[in-house]
file input.cif (mmCIF, C-alpha atoms and all ligand atoms)
data_data
loop_
_atom_site.label_atom_id
_atom_site.label_comp_id
_atom_site.auth_asym_id
_atom_site.auth_seq_id
_atom_site.Cartn_x
_atom_site.Cartn_y
_atom_site.Cartn_z
CA MET A 1 -23.48 21.43 -19.47
CA LYS A 2 -25.57 23.54 -21.80
CA ILE A 3 -27.79 26.25 -20.33
CA ASN A 4 -30.88 26.72 -22.52
CA LYS A 5 -32.99 28.82 -20.22
CA VAL A 6 -32.22 31.76 -17.92
CA ILE A 7 -34.70 32.59 -15.16
CA LEU A 8 -34.45 36.26 -14.19
CA ILE A 9 -35.52 36.76 -10.58
CA TYR A 10 -35.40 40.24 -9.08
CA PHE A 11 -36.69 42.56 -6.38
CA SER A 12 -36.14 46.02 -7.85
CA PRO A 13 -38.23 49.01 -6.68
CA THR A 14 -36.39 51.62 -8.79
CA ARG A 15 -35.44 49.15 -11.57
CA THR A 16 -31.62 49.40 -11.57
CA THR A 17 -31.30 45.79 -10.32
CA LYS A 18 -33.70 44.59 -13.01
CA GLN A 19 -31.55 46.24 -15.72
CA ILE A 20 -28.36 44.54 -14.48
CA VAL A 21 -30.01 41.11 -14.24
CA GLU A 22 -31.36 41.53 -17.79
CA GLU A 23 -27.94 42.47 -19.16
CA ILE A 24 -26.20 39.48 -17.52
CA ALA A 25 -28.90 37.26 -19.05
CA LYS A 26 -28.30 38.81 -22.50
CA GLY A 27 -24.60 37.98 -22.19
CA MET A 28 -25.48 34.33 -21.54
CA GLY A 29 -27.40 34.22 -24.84
CA PRO A 30 -29.93 31.54 -23.82
CA ASP A 31 -32.64 30.04 -26.08
CA SER A 32 -35.31 31.35 -23.70
CA THR A 33 -35.78 33.51 -20.61
CA GLU A 34 -38.43 33.68 -17.88
CA PRO A 35 -38.78 36.79 -15.68
CA ILE A 36 -39.97 36.43 -12.08
CA ASP A 37 -40.50 39.91 -10.63
CA LEU A 38 -40.70 39.77 -6.84
CA THR A 39 -41.01 43.54 -6.43
CA LEU A 40 -44.76 43.86 -6.04
CA PRO A 41 -46.78 42.34 -3.21
CA MET A 42 -48.09 39.31 -5.10
CA PRO A 43 -47.53 35.82 -3.71
CA THR A 44 -44.91 34.00 -5.83
CA THR A 45 -43.88 30.44 -5.12
CA SER A 46 -41.91 28.17 -7.42
CA ASP A 47 -40.07 24.91 -7.05
CA PHE A 48 -37.43 24.60 -9.76
CA GLY A 49 -36.44 21.07 -8.71
CA ASP A 50 -33.19 19.81 -10.20
CA ARG A 51 -33.39 21.50 -13.62
CA THR A 52 -29.94 21.23 -15.13
CA ASP A 53 -30.52 23.05 -18.42
CA SER A 54 -31.51 26.28 -16.62
CA ILE A 55 -29.87 28.88 -14.40
CA ALA A 56 -31.40 31.58 -12.19
CA ILE A 57 -29.94 35.08 -11.98
CA VAL A 58 -31.21 36.47 -8.67
CA GLY A 59 -30.85 40.23 -8.12
CA VAL A 60 -31.63 42.44 -5.13
CA PRO A 61 -30.64 45.98 -4.11
CA VAL A 62 -28.49 46.57 -1.03
CA TYR A 63 -30.27 48.21 1.92
CA GLY A 64 -28.01 49.06 4.87
CA GLY A 65 -25.38 46.56 3.68
CA ARG A 66 -27.98 43.77 3.74
CA VAL A 67 -30.63 42.16 1.55
CA PRO A 68 -33.90 44.14 2.03
CA ALA A 69 -36.13 42.27 4.51
CA LEU A 70 -39.04 42.28 2.04
CA ALA A 71 -36.83 40.64 -0.61
CA VAL A 72 -35.74 37.96 1.88
CA LYS A 73 -39.40 37.21 2.59
CA ARG A 74 -40.29 36.94 -1.11
CA LEU A 75 -37.23 34.86 -1.98
CA GLN A 76 -38.28 32.31 0.65
CA GLY A 77 -41.06 31.23 -1.75
CA LEU A 78 -38.53 30.00 -4.33
CA LYS A 79 -37.04 26.53 -3.89
CA ALA A 80 -34.71 24.39 -5.97
CA ASN A 81 -32.94 21.09 -5.73
CA GLY A 82 -29.55 21.73 -7.25
CA MET A 83 -30.41 24.26 -9.97
CA PRO A 84 -27.47 26.66 -10.53
CA ALA A 85 -27.93 30.32 -9.58
CA ILE A 86 -26.02 33.61 -9.72
CA PRO A 87 -26.64 35.95 -6.76
CA VAL A 88 -26.32 39.61 -7.78
CA VAL A 89 -26.52 42.71 -5.58
CA VAL A 90 -26.85 46.29 -6.81
CA TYR A 91 -25.79 49.12 -4.50
CA GLY A 92 -25.75 52.91 -4.58
CA ASN A 93 -21.96 53.48 -4.74
CA ARG A 94 -21.45 53.36 -0.94
CA ALA A 95 -20.82 49.65 -0.10
CA PHE A 96 -22.48 46.25 -0.39
CA GLU A 97 -21.01 44.90 2.88
CA ASP A 98 -22.79 41.63 3.84
CA ALA A 99 -25.57 41.72 1.24
CA LEU A 100 -23.91 39.40 -1.28
CA VAL A 101 -22.95 36.73 1.25
CA GLU A 102 -26.45 36.95 2.76
CA LEU A 103 -28.08 36.48 -0.66
CA LYS A 104 -25.72 33.62 -1.51
CA ASP A 105 -26.47 31.87 1.82
CA LEU A 106 -30.22 32.32 1.35
CA LEU A 107 -30.13 30.76 -2.13
CA GLN A 108 -27.97 27.86 -0.93
CA GLN A 109 -30.40 27.23 1.96
CA ASN A 110 -33.26 27.15 -0.56
CA GLY A 111 -31.55 24.47 -2.64
CA PHE A 112 -29.81 26.53 -5.35
CA LEU A 113 -26.15 25.95 -6.28
CA THR A 114 -24.45 29.34 -6.38
CA VAL A 115 -21.84 29.08 -9.14
CA ALA A 116 -20.94 32.76 -9.70
CA ALA A 117 -21.85 36.13 -8.15
CA GLY A 118 -21.69 39.85 -8.81
CA ALA A 119 -21.97 43.26 -7.15
CA PHE A 120 -22.96 46.17 -9.39
CA ILE A 121 -23.74 49.86 -8.93
CA GLY A 122 -27.07 51.60 -9.50
CA GLU A 123 -28.18 55.20 -9.00
CA HIS A 124 -28.90 55.54 -5.29
CA SER A 125 -32.58 55.39 -4.37
CA PHE A 126 -32.07 58.63 -2.37
CA SER A 127 -30.36 60.42 -5.28
CA ARG A 128 -32.21 63.51 -6.45
CA LYS A 129 -31.62 66.49 -8.74
CA ASN A 130 -29.87 68.71 -6.17
CA LEU A 131 -28.12 65.78 -4.39
CA PRO A 132 -27.08 63.27 -7.10
CA ILE A 133 -25.58 59.96 -5.91
CA ALA A 134 -24.26 57.53 -8.55
CA LYS A 135 -26.41 59.39 -11.07
CA ASP A 136 -27.36 57.45 -14.22
CA ARG A 137 -25.75 54.18 -13.04
CA PRO A 138 -25.81 51.56 -14.37
CA ASP A 139 -24.28 53.18 -17.46
CA ASP A 140 -22.77 51.77 -20.68
CA LYS A 141 -19.59 50.68 -18.91
CA ASP A 142 -21.59 48.80 -16.25
CA PHE A 143 -23.74 47.14 -18.91
CA LYS A 144 -20.62 45.97 -20.79
CA THR A 145 -19.28 44.39 -17.58
CA ALA A 146 -22.64 42.73 -16.90
CA PHE A 147 -22.86 41.38 -20.47
CA SER A 148 -19.27 40.01 -20.42
CA PHE A 149 -19.89 38.44 -17.02
CA GLY A 150 -22.93 36.57 -18.40
CA LYS A 151 -20.84 35.39 -21.34
CA GLU A 152 -18.03 34.19 -19.07
CA VAL A 153 -20.45 32.21 -16.87
CA GLN A 154 -21.97 30.53 -19.94
CA LEU A 155 -18.47 29.59 -21.18
CA LYS A 156 -17.45 28.26 -17.79
CA LEU A 157 -20.58 26.08 -17.53
CA SER A 158 -20.15 24.76 -21.07
CA ASP A 159 -16.76 23.36 -19.96
CA ILE A 160 -18.17 21.12 -17.21
CA ASP A 161 -20.61 18.18 -17.13
CA GLU A 162 -22.74 19.31 -14.21
CA ALA A 163 -22.94 22.34 -11.92
CA GLY A 164 -22.58 20.09 -8.84
CA THR A 165 -18.89 19.63 -9.67
CA LEU A 166 -18.25 23.36 -9.10
CA PRO A 167 -17.45 24.65 -5.60
CA THR A 168 -19.91 27.09 -4.01
CA ILE A 169 -18.75 30.55 -4.99
CA ALA A 170 -16.78 32.49 -2.35
CA VAL A 171 -17.87 36.14 -1.91
CA PRO A 172 -16.86 38.97 0.44
CA GLY A 173 -18.91 39.69 3.55
CA ASP A 174 -19.13 38.76 7.23
CA VAL A 175 -21.23 36.21 9.09
CA PRO A 176 -23.05 37.05 11.34
CA TYR A 177 -24.30 39.79 9.03
CA LYS A 178 -24.10 43.41 10.12
CA LYS A 179 -27.06 44.75 12.10
CA TRP A 180 -29.12 47.42 10.38
CA ASP A 181 -32.00 49.49 11.74
CA PRO A 182 -34.03 50.66 8.74
CA PRO A 183 -35.02 54.34 8.91
CA SER A 184 -38.72 54.88 9.53
CA GLY A 185 -41.07 57.32 7.83
CA ALA A 186 -42.66 57.66 4.41
CA PRO A 187 -42.66 60.06 1.46
CA ARG A 188 -45.20 62.89 1.57
CA THR A 189 -47.48 64.11 -1.21
CA ARG A 190 -47.86 67.67 -2.51
CA GLU A 191 -51.62 67.75 -2.89
CA GLU A 192 -51.56 70.61 -5.40
CA ALA A 193 -49.38 68.52 -7.79
CA CYS A 194 -51.20 65.20 -7.31
CA THR A 195 -53.78 64.12 -9.90
CA LEU A 196 -54.87 61.04 -7.89
CA CYS A 197 -53.71 58.87 -10.83
CA ALA A 198 -52.73 56.00 -8.46
CA THR A 199 -49.46 55.21 -10.30
CA CYS A 200 -47.74 55.24 -6.91
CA VAL A 201 -50.13 52.55 -5.63
CA ASP A 202 -49.13 50.29 -8.54
CA LEU A 203 -45.40 50.90 -7.96
CA CYS A 204 -45.26 50.39 -4.20
CA PRO A 205 -43.56 47.08 -3.26
CA ALA A 206 -44.89 47.30 0.29
CA GLY A 207 -48.58 47.92 -0.44
CA ALA A 208 -48.21 51.04 1.71
CA ILE A 209 -50.21 53.51 -0.43
CA THR A 210 -53.94 53.95 -0.92
CA VAL A 211 -55.61 56.60 -3.07
CA ASP A 212 -59.20 57.67 -2.64
CA ASP A 213 -59.84 61.41 -2.44
CA ALA A 214 -56.25 61.81 -1.20
CA VAL A 215 -53.03 59.80 -1.18
CA VAL A 216 -52.50 58.04 2.15
CA THR A 217 -49.20 56.30 2.95
CA ASP A 218 -48.76 53.93 5.87
CA PRO A 219 -45.30 54.63 7.38
CA SER A 220 -45.36 51.31 9.25
CA LYS A 221 -45.32 49.48 5.89
CA CYS A 222 -43.10 51.87 3.86
CA ILE A 223 -39.53 50.64 3.20
CA LEU A 224 -38.42 54.06 1.83
CA CYS A 225 -37.47 52.48 -1.50
CA CYS A 226 -38.34 55.74 -3.34
CA ALA A 227 -40.17 53.97 -6.20
CA CYS A 228 -43.21 56.23 -5.72
CA ILE A 229 -41.03 59.38 -5.76
CA LYS A 230 -39.18 58.40 -8.94
CA GLY A 231 -42.33 57.14 -10.69
CA CYS A 232 -44.85 59.87 -9.88
CA PRO A 233 -45.75 61.58 -13.18
CA GLY A 234 -46.51 64.88 -11.42
CA GLN A 235 -43.39 64.93 -9.18
CA ALA A 236 -45.82 65.16 -6.29
CA LYS A 237 -43.91 62.85 -3.92
CA TRP A 238 -41.05 63.98 -1.72
CA ILE A 239 -39.15 62.85 1.35
CA ASP A 240 -39.22 64.89 4.50
CA VAL A 241 -37.57 62.38 6.84
CA GLU A 242 -34.72 64.00 8.78
CA ARG A 243 -32.53 60.84 8.89
CA ILE A 244 -32.90 60.30 5.12
CA ASN A 245 -32.05 63.93 4.37
CA GLN A 246 -28.88 63.65 6.48
CA ILE A 247 -27.89 60.34 4.86
CA SER A 248 -28.49 61.75 1.35
CA GLN A 249 -26.30 64.78 2.07
CA TRP A 250 -23.56 62.54 3.51
CA LEU A 251 -23.69 60.14 0.55
CA HIS A 252 -23.59 63.02 -1.93
CA GLU A 253 -20.46 64.41 -0.28
CA ASN A 254 -18.66 61.16 0.62
CA CYS A 255 -19.59 58.64 -2.08
CA ALA A 256 -18.87 60.71 -5.17
CA ASP A 257 -15.89 58.62 -6.37
CA ARG A 258 -17.00 56.05 -8.88
CA LYS A 259 -16.96 52.43 -7.70
CA GLU A 260 -16.72 49.62 -10.24
CA PRO A 261 -18.65 46.33 -10.42
CA GLU A 262 -17.04 43.19 -8.94
CA VAL A 263 -17.70 39.73 -10.33
CA PHE A 264 -16.88 36.36 -8.79
CA LEU A 265 -16.38 33.21 -10.85
CA GLN A 266 -14.07 30.30 -9.96
C1 LIG B 301 -33.42 52.02 2.52
C2 LIG B 301 -32.24 51.97 1.58
C3 LIG B 301 -30.99 51.59 2.04
C4 LIG B 301 -29.90 51.56 1.15
N1 LIG B 301 -28.67 51.15 1.62
C5 LIG B 301 -27.60 51.15 0.79
C6 LIG B 301 -26.31 50.73 1.26
O1 LIG B 301 -26.14 50.26 2.37
N2 LIG B 301 -25.24 50.86 0.42
C7 LIG B 301 -25.38 51.38 -0.84
O2 LIG B 301 -24.37 51.54 -1.52
N3 LIG B 301 -26.60 51.70 -1.35
C8 LIG B 301 -27.71 51.59 -0.56
N4 LIG B 301 -28.95 51.91 -1.05
C9 LIG B 301 -29.09 52.24 -2.48
C10 LIG B 301 -29.60 51.08 -3.34
O3 LIG B 301 -28.92 49.88 -3.01
C11 LIG B 301 -29.37 51.38 -4.83
O4 LIG B 301 -29.89 52.63 -5.16
C12 LIG B 301 -29.94 50.33 -5.76
O5 LIG B 301 -29.47 50.63 -7.06
C13 LIG B 301 -31.46 50.33 -5.77
O6 LIG B 301 -31.91 49.23 -6.53
P1 LIG B 301 -33.31 49.23 -7.34
O7 LIG B 301 -33.17 50.30 -8.41
O8 LIG B 301 -33.36 47.88 -7.94
O9 LIG B 301 -34.39 49.54 -6.37
C14 LIG B 301 -30.07 51.92 -0.20
C15 LIG B 301 -31.34 52.29 -0.66
C16 LIG B 301 -32.41 52.30 0.21
C17 LIG B 301 -33.78 52.67 -0.31
S1 LIG B 302 -48.42 58.89 -8.63
FE1 LIG B 302 -48.20 61.03 -7.98
S2 LIG B 302 -49.89 62.09 -9.00
FE2 LIG B 302 -50.39 59.90 -9.08
S3 LIG B 302 -51.62 59.54 -7.20
FE3 LIG B 302 -49.51 59.11 -6.66
S4 LIG B 302 -48.74 61.05 -5.80
FE4 LIG B 302 -50.61 61.53 -6.94
S1 LIG B 303 -44.59 54.34 -0.07
FE1 LIG B 303 -42.60 53.70 0.67
S2 LIG B 303 -42.43 51.55 0.08
FE2 LIG B 303 -44.08 52.42 -1.13
S3 LIG B 303 -43.10 53.06 -3.05
FE3 LIG B 303 -43.11 54.83 -1.69
S4 LIG B 303 -41.12 54.77 -0.66
FE4 LIG B 303 -41.46 52.71 -1.55
#
call {"tool": "encode", "arguments": {"input": "input.cif", "output": "structure tokens", "more": "lines below"}}
Ligand SMILES: Cc1cc2nc3c(=O)[nH]c(=O)nc-3n(C[C@H](O)[C@H](O)[C@H](O)COP(=O)(O)O)c2cc1C
Ligand code: SF4
Ligand code: SF4
result
Amino acid sequence: MKINKVILIYFSPTRTTKQIVEEIAKGMGPDSTEPIDLTLPMPTTSDFGDRTDSIAIVGVPVYGGRVPALAVKRLQGLKANGMPAIPVVVYGNRAFEDALVELKDLLQQNGFLTVAAGAFIGEHSFSRKNLPIAKDRPDDKDFKTAFSFGKEVQLKLSDIDEAGTLPTIAVPGDVPYKKWDPPSGAPRTREEACTLCATCVDLCPAGAITVDDAVVTDPSKCILCCACIKGCPGQAKWIDVERINQISQWLHENCADRKEPEVFLQ
């Protein structure tokens, strides 16, 4: 089968997942691409039917060894009827645990045929100047792996008549998936550094921030993705959540050894 179009689907608050999905797509060298960004709170529904000349690369970050709940919710709006897909998770150099199997299962339930899969590494959302964690990942080596993986998938598919003849890809992970209690809280704002530019409002995947004569963040909506911290032009956002500070310190000390991407293709 010949893949002419690659649909890039991603939930990516701090954009490392987006970069990996884009590089895999480049490696596939399709005639055309279509991005579907599920990061921001805009309703997105699509039914891809049984398109056989297209493939979806679906990327999410790993939160607590799982697919972020908000990404699960947004992915539920995408349906297919046999279109091939590649689930991809990006994690912060600790572990991806059950996230890849969860994403694969979700796509299968929604009618996609998962023909290959990958787990890549991105700079940890909680990484900061004095506590770097997987700093500057993905880097050139990661991008090379992502590109070659895309190329390999394209070659594999060109060898067969239809994706339905391939077995569902096997990936590591346990079912039932591990339980994870997300930390609660929200970043704070240094008023003296804030220009009320509202960039953080536009970056927030959870719609948790409002700006009027001050920045107000709703901790009941915040998923602690750190997009507002990394994207604030005045470095006015910071995290003062005890559990996050402890986790960041632990990750900095215990997850310093470089992990490498893993790809799955039968
Ligand atoms: C709430 C939260 C939980 C996370 N849990 C994990 C984890 O279990 N394992 C891991 O290695 N990285 C974890 N990370 C790090 C992200 O998976 C990683 O930084 C990823 O590259 C972020 O993707 P993005 O840039 O597309 O947002 C977590 C990040 C956040 C915000
Ligand atoms: S992005 Fe930063 S400077 Fe702009 S409103 Fe938000 S906190 Fe203030
Ligand atoms: S307020 Fe919370 S959910 Fe919104 S961008 Fe900031 S950390 Fe992410």
call {"tool": "closest_residue", "arguments": {"input": "input.cif", "among": "A:Ala236, A:Val6, A:Met28, A:Ala208", "to": "ligand LIG 303 (chain B)", "atoms": "all atoms listed in the file"}}
result
A:Ala208
call {"tool": "residues_around", "arguments": {"input": "input.cif", "residues": "A:Val115", "least_positions_apart": "3", "cutoff": "7 Å", "atoms": "only C-alpha atoms", "output": "compact mmCIF listing (two decimals) with C-alpha atoms, keeping the file's coordinate frame"}}
result
# COMPACT_ATOMS: atom_id res chain seq x y z
CA PRO A 84 -27.47 26.66 -10.53
CA ALA A 85 -27.93 30.32 -9.58
CA ILE A 86 -26.02 33.61 -9.72
CA LEU A 166 -18.25 23.36 -9.10
CA THR A 168 -19.91 27.09 -4.01
CA ILE A 169 -18.75 30.55 -4.99
call {"tool": "residues_around", "arguments": {"input": "input.cif", "residues": "A:Pro183", "least_positions_apart": "5", "cutoff": "8 Å", "atoms": "all atoms listed in the file", "output": "ChimeraX atom specification"}}
result
/A:224,243-244
call {"tool": "residues_near_ligand", "arguments": {"input": "input.cif", "ligand": "ligand LIG 302 (chain B)", "cutoff": "6 Å", "atoms": "all atoms listed in the file", "output": "list in words"}}
result
Thr189, Cys194, Thr195, Leu196, Cys197, Ala198, Thr199, Cys200, Cys232, Pro233, Gly234, Ala236 and Lys237 of chain A
call {"tool": "residues_near_ligand", "arguments": {"input": "input.cif", "ligand": "ligand LIG 301 (chain B)", "cutoff": "6 Å", "atoms": "all atoms listed in the file", "output": "ChimeraX atom specification"}}
result
/A:12-17,61-65,90-96,122-125,224-225
call {"tool": "residues_near_ligand", "arguments": {"input": "input.cif", "ligand": "ligand LIG 303 (chain B)", "cutoff": "12 Å", "atoms": "only C-alpha atoms and all ligand atoms", "output": "PyMOL selection string"}}
result
chain A and resi 12-14+39-41+68+70+125-126+183-189+198-211+215-232+236-241+244
call {"tool": "closest_residue", "arguments": {"input": "input.cif", "among": "A:Phe11, A:Phe120, A:Phe264, A:Phe143", "to": "A:Arg74", "atoms": "only C-alpha atoms"}}
result
A:Phe11
call {"tool": "atom_distance", "arguments": {"input": "input.cif", "atom1": "atom CA of A:Ser148", "atom2": "atom CA of A:Glu23"}}
result
9.1 Å
call {"tool": "closest_residue", "arguments": {"input": "input.cif", "among": "A:Gly82, A:Pro167, A:Pro138, A:Gly111", "to": "A:Glu22", "atoms": "only C-alpha atoms"}}
result
A:Pro138
call {"tool": "residues_near_point", "arguments": {"input": "input.cif", "point": "(-19.3, 57.4, 0.8)", "cutoff": "10 Å", "atoms": "all atoms listed in the file", "output": "VMD selection string"}}
result
chain A and resid 92 to 95 133 247 250 to 257
call {"tool": "atom_distance", "arguments": {"input": "input.cif", "atom1": "atom CA of A:Ala170", "atom2": "atom CA of A:Thr114"}}
result
9.2 Å
call {"tool": "residues_near_point", "arguments": {"input": "input.cif", "point": "(-24.1, 25.0, -24.9)", "cutoff": "8 Å", "atoms": "only C-alpha atoms", "output": "ChimeraX atom specification"}}
result
/A:1-4,154,158
call {"tool": "closest_residue", "arguments": {"input": "input.cif", "among": "A:Ala56, A:Leu107, A:Leu38, A:Ile160", "to": "A:Val21", "atoms": "all atoms listed in the file"}}
result
A:Ala56
call {"tool": "atom_distance", "arguments": {"input": "input.cif", "atom1": "atom CA of A:Asp212", "atom2": "atom CA of A:Asp37"}}
result
27.0 Å
call {"tool": "closest_residue", "arguments": {"input": "input.cif", "among": "A:Asp98, A:Asp47, A:Asp159, A:Asp53", "to": "A:Asp31", "atoms": "all atoms listed in the file"}}
result
A:Asp53
